[in-house]
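> So I've got this file, coords.cif, and it contains mmCIF, C-alpha atoms and all ligand atoms:
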```
data_structure
#
loop_
_atom_site.label_atom_id
_atom_site.label_comp_id
_atom_site.auth_asym_id
_atom_site.auth_seq_id
_atom_site.Cartn_x
_atom_site.Cartn_y
_atom_site.Cartn_z
CA MET A 1 90.12 -13.68 67.26
CA THR A 2 86.91 -13.04 69.12
CA ALA A 3 84.39 -10.23 69.15
CA ALA A 4 85.83 -9.35 72.54
CA ASP A 5 88.97 -8.21 70.74
CA ALA A 6 87.07 -5.15 69.69
CA HIS A 7 87.01 -3.88 73.23
CA ARG A 8 90.20 -5.38 74.56
CA THR A 9 93.26 -3.37 75.28
CA LEU A 10 96.77 -4.69 74.99
CA PRO A 11 98.35 -5.64 78.31
CA ASN A 12 101.12 -3.14 77.75
CA GLN A 13 98.88 -0.39 76.47
CA LYS A 14 99.26 2.87 78.34
CA PRO A 15 96.22 3.26 80.64
CA GLY A 16 93.71 5.65 79.18
CA SER A 17 95.44 5.90 75.82
CA ALA A 18 93.22 5.63 72.81
CA MET A 19 94.01 2.98 70.27
CA ALA A 20 92.35 1.26 67.38
CA ASP A 21 90.36 -1.85 68.20
CA LEU A 22 92.23 -5.11 67.96
CA GLN A 23 89.80 -6.85 65.66
CA THR A 24 90.29 -4.22 62.95
CA VAL A 25 94.05 -4.36 63.46
CA LYS A 26 94.14 -8.14 63.13
CA ASP A 27 91.90 -8.16 60.07
CA ALA A 28 94.17 -5.68 58.34
CA LEU A 29 97.31 -7.62 59.29
CA ARG A 30 95.80 -10.79 57.88
CA THR A 31 95.46 -9.21 54.43
CA GLN A 32 99.01 -7.85 54.13
CA GLN A 33 101.40 -9.78 51.90
CA ILE A 34 105.15 -9.37 51.73
CA GLU A 35 107.18 -10.39 48.68
CA LEU A 36 110.64 -11.94 49.00
CA PRO A 37 113.59 -11.33 46.68
CA SER A 38 115.18 -14.46 45.20
CA TRP A 39 118.59 -12.81 45.46
CA ALA A 40 118.35 -12.58 49.25
CA PHE A 41 118.90 -16.34 49.41
CA GLY A 42 122.07 -16.33 47.31
CA ASN A 43 125.54 -15.25 48.35
CA SER A 44 126.19 -11.53 48.40
CA GLY A 45 128.72 -9.13 49.76
CA THR A 46 130.48 -5.87 49.15
CA ARG A 47 133.07 -4.99 46.55
CA PHE A 48 135.63 -6.06 49.16
CA LYS A 49 134.52 -9.62 49.82
CA VAL A 50 131.66 -12.06 49.41
CA PHE A 51 131.57 -14.47 52.34
CA GLY A 52 129.95 -17.64 51.04
CA GLN A 53 127.54 -19.51 53.28
CA PRO A 54 126.98 -23.27 53.32
CA GLY A 55 123.61 -24.51 52.07
CA VAL A 56 123.02 -21.56 49.75
CA PRO A 57 120.78 -22.40 46.76
CA ARG A 58 122.48 -23.25 43.50
CA THR A 59 119.48 -22.63 41.27
CA PRO A 60 116.28 -20.57 41.08
CA TRP A 61 114.43 -23.80 41.91
CA GLU A 62 116.28 -24.02 45.22
CA LYS A 63 115.76 -20.31 45.86
CA ALA A 64 112.01 -20.92 45.57
CA GLU A 65 112.34 -23.75 48.10
CA ASP A 66 113.99 -21.37 50.58
CA ALA A 67 111.44 -18.63 49.93
CA ALA A 68 108.67 -21.15 50.59
CA GLN A 69 110.15 -21.77 54.04
CA VAL A 70 109.78 -18.09 54.89
CA HIS A 71 106.14 -18.28 53.86
CA ARG A 72 105.66 -21.54 55.75
CA PHE A 73 106.66 -19.95 59.05
CA THR A 74 105.27 -16.43 58.59
CA GLY A 75 102.17 -17.15 56.50
CA VAL A 76 102.34 -13.74 54.83
CA ALA A 77 105.08 -14.10 52.20
CA PRO A 78 103.46 -15.98 49.31
CA ARG A 79 105.57 -14.57 46.47
CA MET A 80 109.20 -14.59 45.36
CA ALA A 81 110.49 -11.94 42.99
CA VAL A 82 112.98 -13.07 40.36
CA HIS A 83 115.90 -11.21 38.83
CA ILE A 84 116.79 -11.89 35.20
CA PRO A 85 119.37 -13.11 34.16
CA TRP A 86 120.31 -14.24 37.69
CA ASP A 87 117.24 -16.49 37.72
CA THR A 88 117.33 -17.62 34.12
CA VAL A 89 115.82 -21.07 33.54
CA ASP A 90 114.92 -22.99 30.40
CA ASP A 91 111.29 -23.31 31.33
CA TYR A 92 109.75 -20.41 33.26
CA ALA A 93 106.30 -21.97 33.34
CA ALA A 94 107.87 -24.97 35.07
CA LEU A 95 109.53 -22.65 37.60
CA ALA A 96 106.14 -21.10 38.31
CA ARG A 97 104.64 -24.58 38.74
CA HIS A 98 107.49 -25.53 41.08
CA ALA A 99 106.77 -22.41 43.12
CA GLY A 100 103.07 -23.30 43.10
CA ASP A 101 103.82 -26.80 44.36
CA LEU A 102 105.73 -25.17 47.21
CA GLY A 103 102.77 -22.95 48.05
CA ILE A 104 104.13 -19.69 46.62
CA ARG A 105 104.04 -17.76 43.36
CA ILE A 106 106.46 -15.78 41.25
CA GLY A 107 106.28 -12.08 42.05
CA ALA A 108 107.91 -9.17 40.27
CA VAL A 109 110.31 -9.82 37.42
CA ASN A 110 113.34 -7.59 38.00
CA ALA A 111 115.22 -6.65 34.86
CA ASN A 112 118.99 -6.43 34.96
CA VAL A 113 120.58 -4.03 32.51
CA PHE A 114 123.58 -3.19 34.65
CA GLN A 115 125.96 -6.14 34.48
CA ASP A 116 126.92 -6.40 30.84
CA GLU A 117 130.10 -4.94 29.35
CA ASP A 118 127.96 -3.05 26.85
CA TYR A 119 126.34 -1.02 29.61
CA LYS A 120 129.43 0.93 30.67
CA LEU A 121 127.86 4.19 29.47
CA GLY A 122 124.32 3.15 30.30
CA SER A 123 121.62 0.82 29.03
CA VAL A 124 118.41 2.42 27.73
CA CYS A 125 120.03 5.88 27.98
CA ASN A 126 123.26 4.85 26.27
CA PRO A 127 124.32 7.18 23.44
CA ASP A 128 124.80 4.12 21.20
CA PRO A 129 121.50 2.99 19.60
CA ARG A 130 122.79 -0.61 19.34
CA VAL A 131 123.21 -0.80 23.12
CA ARG A 132 119.80 0.79 23.70
CA LYS A 133 118.22 -1.78 21.42
CA LYS A 134 119.92 -4.59 23.31
CA ALA A 135 118.68 -3.21 26.65
CA VAL A 136 115.11 -2.84 25.40
CA ALA A 137 115.24 -6.40 24.05
CA HIS A 138 116.14 -7.58 27.55
CA LEU A 139 113.25 -5.65 29.07
CA LEU A 140 110.86 -7.18 26.53
CA GLU A 141 112.27 -10.61 27.32
CA CYS A 142 111.41 -9.90 30.97
CA VAL A 143 107.79 -9.33 29.91
CA ASP A 144 107.92 -12.76 28.22
CA VAL A 145 109.03 -14.14 31.60
CA MET A 146 106.05 -12.41 33.19
CA ASP A 147 103.73 -14.05 30.66
CA ALA A 148 105.21 -17.47 31.35
CA THR A 149 105.21 -17.19 35.14
CA GLY A 150 102.05 -15.17 35.71
CA SER A 151 104.09 -12.42 37.32
CA PRO A 152 102.11 -9.18 37.68
CA ASP A 153 104.97 -6.68 37.77
CA LEU A 154 108.01 -5.69 35.76
CA LYS A 155 110.40 -3.91 38.08
CA LEU A 156 112.90 -1.59 36.47
CA TRP A 157 115.94 -0.11 38.04
CA PHE A 158 118.50 1.59 35.83
CA ALA A 159 122.12 2.09 36.79
CA ASP A 160 122.26 4.62 33.96
CA GLY A 161 123.94 7.94 34.54
CA THR A 162 127.18 9.80 34.07
CA ASN A 163 130.26 10.41 36.17
CA TYR A 164 131.47 13.75 34.81
CA PRO A 165 129.85 17.02 33.76
CA GLY A 166 129.56 17.12 29.98
CA GLN A 167 129.97 13.34 29.64
CA ASP A 168 126.55 13.12 27.95
CA ASP A 169 123.52 15.27 27.29
CA ILE A 170 121.14 15.13 30.27
CA ARG A 171 118.00 15.86 28.27
CA ALA A 172 118.90 13.54 25.39
CA ARG A 173 119.29 10.73 27.91
CA GLN A 174 115.79 11.46 29.23
CA HIS A 175 114.39 11.25 25.69
CA ARG A 176 116.07 7.89 25.19
CA LEU A 177 114.71 6.67 28.50
CA ALA A 178 111.16 7.80 27.67
CA GLU A 179 111.33 6.08 24.29
CA ALA A 180 112.53 2.79 25.76
CA LEU A 181 109.93 2.84 28.51
CA ALA A 182 107.16 3.55 25.99
CA THR A 183 108.20 0.55 23.86
CA VAL A 184 108.12 -1.75 26.89
CA TYR A 185 104.90 -0.24 28.24
CA ALA A 186 103.16 -0.94 24.93
CA ARG A 187 104.11 -4.62 25.27
CA LEU A 188 102.44 -5.04 28.71
CA GLY A 189 99.27 -7.06 29.01
CA GLY A 190 96.14 -5.67 30.65
CA ASP A 191 97.00 -7.01 34.10
CA GLN A 192 100.71 -6.32 33.95
CA ARG A 193 102.36 -3.30 35.49
CA MET A 194 105.65 -1.52 35.09
CA LEU A 195 107.26 -0.47 38.38
CA LEU A 196 109.92 2.20 37.97
CA GLU A 197 112.46 2.51 40.73
CA TYR A 198 114.64 5.51 41.45
CA LYS A 199 117.94 5.82 43.24
CA LEU A 200 119.84 8.92 44.21
CA PHE A 201 123.29 7.83 43.08
CA GLU A 202 125.49 4.79 42.54
CA PRO A 203 126.96 3.45 40.37
CA SER A 204 126.93 6.84 38.66
CA PHE A 205 128.21 9.74 40.71
CA TYR A 206 127.44 12.89 38.74
CA THR A 207 124.02 12.36 37.16
CA THR A 208 121.67 9.44 37.53
CA ASP A 209 118.96 9.17 34.92
CA VAL A 210 116.22 8.21 37.40
CA PRO A 211 117.54 9.73 40.64
CA ASP A 212 114.32 10.60 42.47
CA TRP A 213 110.60 10.00 42.79
CA GLY A 214 109.76 13.10 40.76
CA THR A 215 111.64 11.83 37.72
CA SER A 216 110.10 8.40 38.09
CA LEU A 217 106.63 9.88 38.50
CA LEU A 218 106.98 12.10 35.41
CA HIS A 219 107.87 9.09 33.29
CA CYS A 220 105.06 7.02 34.79
CA GLN A 221 102.52 9.75 34.17
CA ALA A 222 103.63 10.07 30.57
CA LEU A 223 103.26 6.31 30.10
CA GLY A 224 99.85 5.60 31.62
CA PRO A 225 98.18 4.07 34.66
CA LYS A 226 100.03 0.76 34.52
CA ALA A 227 103.31 2.55 35.22
CA GLN A 228 103.90 3.05 38.92
CA VAL A 229 106.71 4.30 41.14
CA VAL A 230 108.64 1.99 43.48
CA VAL A 231 110.09 3.39 46.66
CA ASP A 232 113.26 1.56 47.65
CA THR A 233 113.77 2.76 51.19
CA GLY A 234 117.56 2.63 50.81
CA HIS A 235 117.69 4.95 47.81
CA HIS A 236 117.50 8.38 49.40
CA ALA A 237 119.80 10.97 50.83
CA PRO A 238 120.25 10.79 54.60
CA GLY A 239 117.43 12.59 56.37
CA THR A 240 114.97 12.37 53.48
CA ASN A 241 111.39 12.27 54.70
CA ILE A 242 110.36 9.07 52.92
CA GLU A 243 106.86 9.00 54.34
CA PHE A 244 106.20 12.34 52.68
CA ILE A 245 107.14 10.82 49.32
CA VAL A 246 104.88 7.86 50.10
CA ALA A 247 102.00 10.21 50.91
CA MET A 248 102.49 12.13 47.67
CA LEU A 249 102.61 8.98 45.55
CA LEU A 250 99.55 7.51 47.26
CA ARG A 251 97.70 10.73 46.65
CA ALA A 252 98.65 10.60 42.97
CA GLY A 253 97.60 6.94 42.76
CA ARG A 254 101.12 6.03 41.67
CA LEU A 255 102.65 4.09 44.53
CA GLY A 256 103.31 0.72 42.90
CA GLY A 257 105.22 -0.70 45.80
CA PHE A 258 108.20 -0.74 48.08
CA ASP A 259 111.61 -2.29 47.97
CA PHE A 260 112.07 -2.53 51.71
CA ASN A 261 115.48 -2.59 53.34
CA SER A 262 117.34 -0.36 55.73
CA ARG A 263 120.39 1.80 55.55
CA PHE A 264 122.90 3.54 57.75
CA TYR A 265 125.03 5.10 55.03
CA ALA A 266 124.07 4.50 51.39
CA ASP A 267 122.22 1.64 49.71
CA ASP A 268 123.15 -0.77 52.48
CA ASP A 269 120.40 -3.35 51.76
CA LEU A 270 120.24 -4.32 55.44
CA MET A 271 117.17 -5.87 57.02
CA VAL A 272 114.09 -3.65 56.87
CA GLY A 273 113.34 -1.99 60.18
CA ALA A 274 116.81 -2.72 61.52
CA ALA A 275 118.25 0.76 61.19
CA ASP A 276 115.21 2.92 61.84
CA PRO A 277 112.03 1.15 62.96
CA PHE A 278 110.37 4.50 63.67
CA GLN A 279 110.78 5.50 60.02
CA LEU A 280 109.24 2.23 58.89
CA PHE A 281 106.33 2.83 61.28
CA ARG A 282 105.82 6.34 59.87
CA ILE A 283 105.82 4.95 56.33
CA MET A 284 103.30 2.27 57.26
CA HIS A 285 101.14 4.92 58.91
CA GLU A 286 100.84 6.71 55.56
CA VAL A 287 100.02 3.44 53.81
CA ALA A 288 97.45 2.38 56.40
CA GLY A 289 95.91 5.87 56.44
CA ALA A 290 95.33 5.65 52.69
CA ASP A 291 93.78 2.17 53.14
CA ALA A 292 96.50 0.79 50.90
CA LEU A 293 97.53 -2.26 52.93
CA LYS A 294 95.21 -4.71 51.23
CA PRO A 295 96.48 -6.37 48.03
CA ALA A 296 93.65 -4.79 46.02
CA ALA A 297 95.20 -1.36 46.64
CA GLY A 298 98.06 -2.36 44.35
CA VAL A 299 100.96 -1.52 46.65
CA ALA A 300 103.49 -4.36 46.49
CA PHE A 301 105.40 -4.77 49.75
CA MET A 302 108.64 -6.23 48.48
CA LEU A 303 111.91 -6.80 50.27
CA ASP A 304 115.12 -5.91 48.43
CA GLN A 305 117.87 -7.05 50.72
CA CYS A 306 121.16 -8.87 50.85
CA HIS A 307 122.28 -10.90 53.84
CA ASN A 308 126.03 -10.70 53.61
CA ILE A 309 126.99 -11.96 57.07
CA GLU A 310 123.77 -13.26 58.64
CA PRO A 311 122.00 -16.53 57.77
CA LYS A 312 119.66 -15.80 54.92
CA ILE A 313 116.40 -17.63 55.59
CA PRO A 314 116.16 -16.48 59.24
CA ALA A 315 117.05 -12.95 58.09
CA GLN A 316 114.15 -12.99 55.65
CA ILE A 317 111.82 -14.28 58.38
CA ARG A 318 113.06 -11.53 60.71
CA SER A 319 112.49 -8.93 57.97
CA VAL A 320 108.94 -10.08 57.33
CA MET A 321 108.29 -9.88 61.07
CA ASN A 322 109.78 -6.38 61.19
CA VAL A 323 107.38 -5.21 58.48
CA GLN A 324 104.49 -6.82 60.34
CA GLU A 325 105.47 -5.15 63.61
CA ALA A 326 105.70 -1.72 62.03
CA THR A 327 102.37 -2.31 60.30
CA ALA A 328 100.69 -3.47 63.49
CA LYS A 329 101.92 -0.38 65.35
CA ALA A 330 100.72 1.88 62.55
CA LEU A 331 97.33 0.19 62.65
CA LEU A 332 97.13 0.68 66.40
CA ILE A 333 97.10 4.44 66.00
CA ASP A 334 93.66 5.67 66.96
CA ALA A 335 92.76 7.47 63.75
CA ASP A 336 89.82 9.29 65.36
CA ALA A 337 91.87 10.53 68.28
CA LEU A 338 94.61 11.60 65.91
CA ALA A 339 92.23 13.48 63.61
CA THR A 340 90.52 15.16 66.56
CA ALA A 341 93.83 16.31 67.97
CA GLN A 342 94.98 17.51 64.56
CA LEU A 343 91.81 19.53 63.96
CA ALA A 344 91.97 21.02 67.45
CA GLY A 345 95.56 22.07 66.90
CA ASP A 346 96.55 19.80 69.78
CA VAL A 347 100.15 19.30 68.72
CA LEU A 348 101.19 17.20 71.68
CA GLY A 349 98.02 15.14 71.63
CA ALA A 350 98.43 14.32 67.95
CA ASN A 351 102.05 13.40 68.45
CA ALA A 352 101.09 11.24 71.44
CA ALA A 353 98.58 9.31 69.31
CA MET A 354 101.50 8.34 67.10
CA THR A 355 104.09 7.67 69.78
CA ASP A 356 101.75 5.71 72.06
CA ALA A 357 101.13 3.30 69.23
CA PHE A 358 104.81 3.13 68.31
CA SER A 359 105.78 2.42 71.90
CA THR A 360 103.40 -0.53 72.16
CA ASP A 361 104.92 -3.99 72.13
CA VAL A 362 102.93 -5.67 69.37
CA ARG A 363 104.82 -8.95 69.48
CA PRO A 364 102.20 -10.71 71.67
CA LEU A 365 99.46 -9.54 69.29
CA LEU A 366 101.31 -10.91 66.28
CA ALA A 367 102.03 -14.17 68.10
CA GLU A 368 98.33 -14.51 68.85
CA LEU A 369 97.43 -13.76 65.24
CA ARG A 370 99.81 -16.47 64.04
CA GLU A 371 98.34 -19.01 66.42
CA GLU A 372 94.87 -18.15 65.18
CA THR A 373 95.99 -18.96 61.64
CA GLY A 374 97.60 -22.25 62.65
CA LEU A 375 101.17 -20.99 62.67
CA ASP A 376 103.78 -21.24 65.36
CA PRO A 377 103.71 -17.97 67.35
CA ASP A 378 107.50 -17.72 67.08
CA PRO A 379 108.51 -18.16 63.41
CA LEU A 380 112.24 -17.89 64.03
CA SER A 381 112.46 -20.64 66.61
CA ALA A 382 109.98 -22.78 64.68
CA TYR A 383 112.26 -22.49 61.64
CA ALA A 384 115.31 -23.32 63.75
CA ARG A 385 113.56 -26.41 65.14
CA SER A 386 112.42 -27.53 61.69
CA GLY A 387 115.90 -28.74 60.74
CA TYR A 388 115.61 -27.18 57.27
CA GLY A 389 118.81 -25.17 57.79
CA GLU A 390 120.82 -28.30 58.56
CA LYS A 391 119.14 -30.20 55.73
CA ILE A 392 120.19 -27.74 53.01
CA VAL A 393 123.74 -27.59 54.36
CA ALA A 394 123.94 -31.39 54.11
CA GLU A 395 122.21 -31.65 50.74
CA ARG A 396 123.52 -28.70 48.78
CA VAL A 397 127.01 -29.91 48.21
CA GLY A 398 128.69 -29.27 44.89
CA GLY A 399 127.50 -27.00 42.14
CA THR A 400 127.89 -23.24 42.10
CA PRO A 401 126.16 -21.31 44.90
CA ALA A 402 123.87 -18.60 43.57
CA GLY A 403 125.07 -15.05 43.88
CA TRP A 404 125.22 -11.80 41.96
CA GLY A 405 126.20 -12.60 38.43
CA SER A 406 125.28 -16.29 38.62
C1 LIG B 1 119.51 -1.81 42.91
C2 LIG B 1 118.00 -1.71 43.05
C3 LIG B 1 117.28 -2.88 42.44
C4 LIG B 1 117.95 -4.18 42.73
C5 LIG B 1 119.42 -4.12 42.47
C6 LIG B 1 120.10 -5.42 42.81
O1 LIG B 1 120.14 -0.92 43.76
O2 LIG B 1 117.64 -1.57 44.39
O3 LIG B 1 115.95 -2.95 42.92
O4 LIG B 1 117.38 -5.13 41.88
O5 LIG B 1 119.99 -3.09 43.22
MN MN B 2 115.55 -1.95 44.88
#
```
The structure given in the file should be rewritten as structure tokens.
Ligand code: RM4
Ligand code: MN


Amino acid sequence: MTAADAHRTLPNQKPGSAMADLQTVKDALRTQQIELPSWAFGNSGTRFKVFGQPGVPRTPWEKAEDAAQVHRFTGVAPRMAVHIPWDTVDDYAALARHAGDLGIRIGAVNANVFQDEDYKLGSVCNPDPRVRKKAVAHLLECVDVMDATGSPDLKLWFADGTNYPGQDDIRARQHRLAEALATVYARLGGDQRMLLEYKLFEPSFYTTDVPDWGTSLLHCQALGPKAQVVVDTGHHAPGTNIEFIVAMLLRAGRLGGFDFNSRFYADDDLMVGAADPFQLFRIMHEVAGADALKPAAGVAFMLDQCHNIEPKIPAQIRSVMNVQEATAKALLIDADALATAQLAGDVLGANAAMTDAFSTDVRPLLAELREETGLDPDPLSAYARSGYGEKIVAERVGGTPAGWGS
């Protein structure tokens, strides 16, 4: 990057169109970090079939090795989230050290209170106090994992809900939820956060106990500042204006992070930016506008994806690049021109400030940025050339490939 960047225009920039200066854009892109989900590297599928892939990690240690490859080629993915019990190990501090040796850290600890026989009628909202106690014990155990790994965030998603009207008392379930969350919140250390996810439906079809951002926000506000809402982009009804939700949460100081993925139908967990790159751009515009890209702003940019049919490590690299591209385009919006148009009631001008930036090909800019930081400008082909994919297929023979439930 040179000072000249400040006055340069992109080769494909529309003549005369106003855009942010490149130096500012690059500086902001350099600070963004994207967190990878350990489960993206394991086998996954639908309820119809899981198609296993060769070379898939057998252990959390091997998942960390794969995650480190994504960071190696993108330079912006220094953390791997874990999911407990999928990533259970005897020695979590050793797992964190292993990650450290690979150049990454352990990110959010995701609790799993949805895959035990006891949770048929819910976990922390279950009418049976014994089951609630068991679920809370698991959440507290996840905080122990945070202590041991140095993880900053406890991420909670509850499959709790009901399938039929009258099956359980809606308000009583909320009381149980609030009580459980308060117990876990009280256990958090000063630097630890609780991130509460919401999801419209599935696996429950009639009521879901945390179905939307409003419910999540109410619980977070009752708990305290360390409780924050997570927006999983796949967890909304079709047509939901997600960037509006993002704006509201940013304004309330309660956007703890994203679980990025994309969807065509329900919670498809496809690669972020694959289904609707314009939506991702609009979301990143809200984040950038609130100056919330930098790690200090406390918004965790996490991926929550499954690669059922595509190779997993390249899919994670692609996803990281998709987030970067949307971010770069959002940063290219000329904020002054946009504000001027908005204040003047220039509807078309304001819209053009957005669409000009969105229509810009930012791939050369990102390639240049990577080269400036000593990376290959093309992470996907650099990964392909590295031979790592072939190496894990040859080496990871025997054992049980990681996947949901293992
Ligand atoms: C849920 C939710 C959680 C994820 C699980 C696997 O739908 O998105 O974040 O941990 O799936
Ligand atoms: Mn999620």

> Pick out the residues sitting within 12 Å of region 337-347 of chain A, and hand them over as a ChimeraX atom specification; count all atoms listed in the file, and ignore anything fewer than 4 positions along from it in its own chain.

/A:17-20,285,289,330,332-333,351-357

> With C-alpha atoms retained, could you export that selection as an mmCIF file, in the coordinates of the input?


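Okay, out.cif is ready:
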```cif
data_model
loop_
_atom_site.group_PDB
_atom_site.id
_atom_site.type_symbol
_atom_site.label_atom_id
_atom_site.label_comp_id
_atom_site.auth_asym_id
_atom_site.auth_seq_id
_atom_site.Cartn_x
_atom_site.Cartn_y
_atom_site.Cartn_z
ATOM 1 C CA SER A 17 95.440 5.900 75.820
ATOM 2 C CA ALA A 18 93.220 5.630 72.810
ATOM 3 C CA MET A 19 94.010 2.980 70.270
ATOM 4 C CA ALA A 20 92.350 1.260 67.380
ATOM 5 C CA HIS A 285 101.140 4.920 58.910
ATOM 6 C CA GLY A 289 95.910 5.870 56.440
ATOM 7 C CA ALA A 330 100.720 1.880 62.550
ATOM 8 C CA LEU A 332 97.130 0.680 66.400
ATOM 9 C CA ILE A 333 97.100 4.440 66.000
ATOM 10 C CA ASN A 351 102.050 13.400 68.450
ATOM 11 C CA ALA A 352 101.090 11.240 71.440
ATOM 12 C CA ALA A 353 98.580 9.310 69.310
ATOM 13 C CA MET A 354 101.500 8.340 67.100
ATOM 14 C CA THR A 355 104.090 7.670 69.780
ATOM 15 C CA ASP A 356 101.750 5.710 72.060
ATOM 16 C CA ALA A 357 101.130 3.300 69.230
#
```

> Nearest residue to ligand LIG 1 (chain B) out of A:Ile317, A:Ala159, A:Met284, A:Leu36, using all atoms listed in the file?

A:Ala159

> With distances taken over all atoms listed in the file, which residue among A:Val25, A:Ile392, A:Ala237, A:Val210 lies nearest Arg173 (chain A)?

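Selected residue with least distance to Arg173 (chain A): A:Val210.
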
> To one decimal in Å, tell me the separation between CA of Pro85 (chain A) and CA of Trp39 (chain A).

11.3 Å

> Could you tell me which of A:Ala394, A:Ala300, A:Leu380, A:Ala326 comes closest to Asp361 (chain A) if we count only C-alpha atoms?

A:Ala326

> If I take CA of Gln167 (chain A) and CA of Lys199 (chain A), how far is one from the other in Å, to one decimal?

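Distance reported for this atom pair: 19.7 Å.
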
> Skipping near chain neighbours, those fewer than 6 positions away, what residues fall within 9 Å of Arg58 (chain A) using only C-alpha atoms, listed as a ChimeraX atom specification?

/A:42,396,398-403,406

> So how far away is CA of Ala135 (chain A) from CA of Asp116 (chain A), in Å?

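Separation of CA of Asp116 (chain A) and CA of Ala135 (chain A): 9.8 Å.
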
> Let me make sure I understand: among A:Leu331, A:Leu22, A:Leu156, A:Leu95, which one has the smallest atom-to-atom distance to ligand MN 2 (chain B) if we use all atoms listed in the file?

A:Leu156

> For chain A versus ligand LIG 1 (chain B), which residues have an atom no more than 7 Å away, and what is each residue's nearest atom pair and distance in Å rounded to one decimal, using only C-alpha atoms and all ligand atoms, chain-then-number order, as a Markdown table?


```
| residue | atom | partner | partner_atom | distance |
| --- | --- | --- | --- | --- |
| A:His83 | CA | B:LIG1 | O4 | 7.0 |
| A:Asn110 | CA | B:LIG1 | O4 | 6.1 |
| A:Trp157 | CA | B:LIG1 | C3 | 5.4 |
| A:Glu197 | CA | B:LIG1 | O3 | 6.8 |
| A:Asp232 | CA | B:LIG1 | O2 | 6.3 |
| A:Asp259 | CA | B:LIG1 | O3 | 6.7 |
| A:Asp267 | CA | B:LIG1 | O1 | 6.8 |
| A:Asp304 | CA | B:LIG1 | O3 | 6.3 |
```
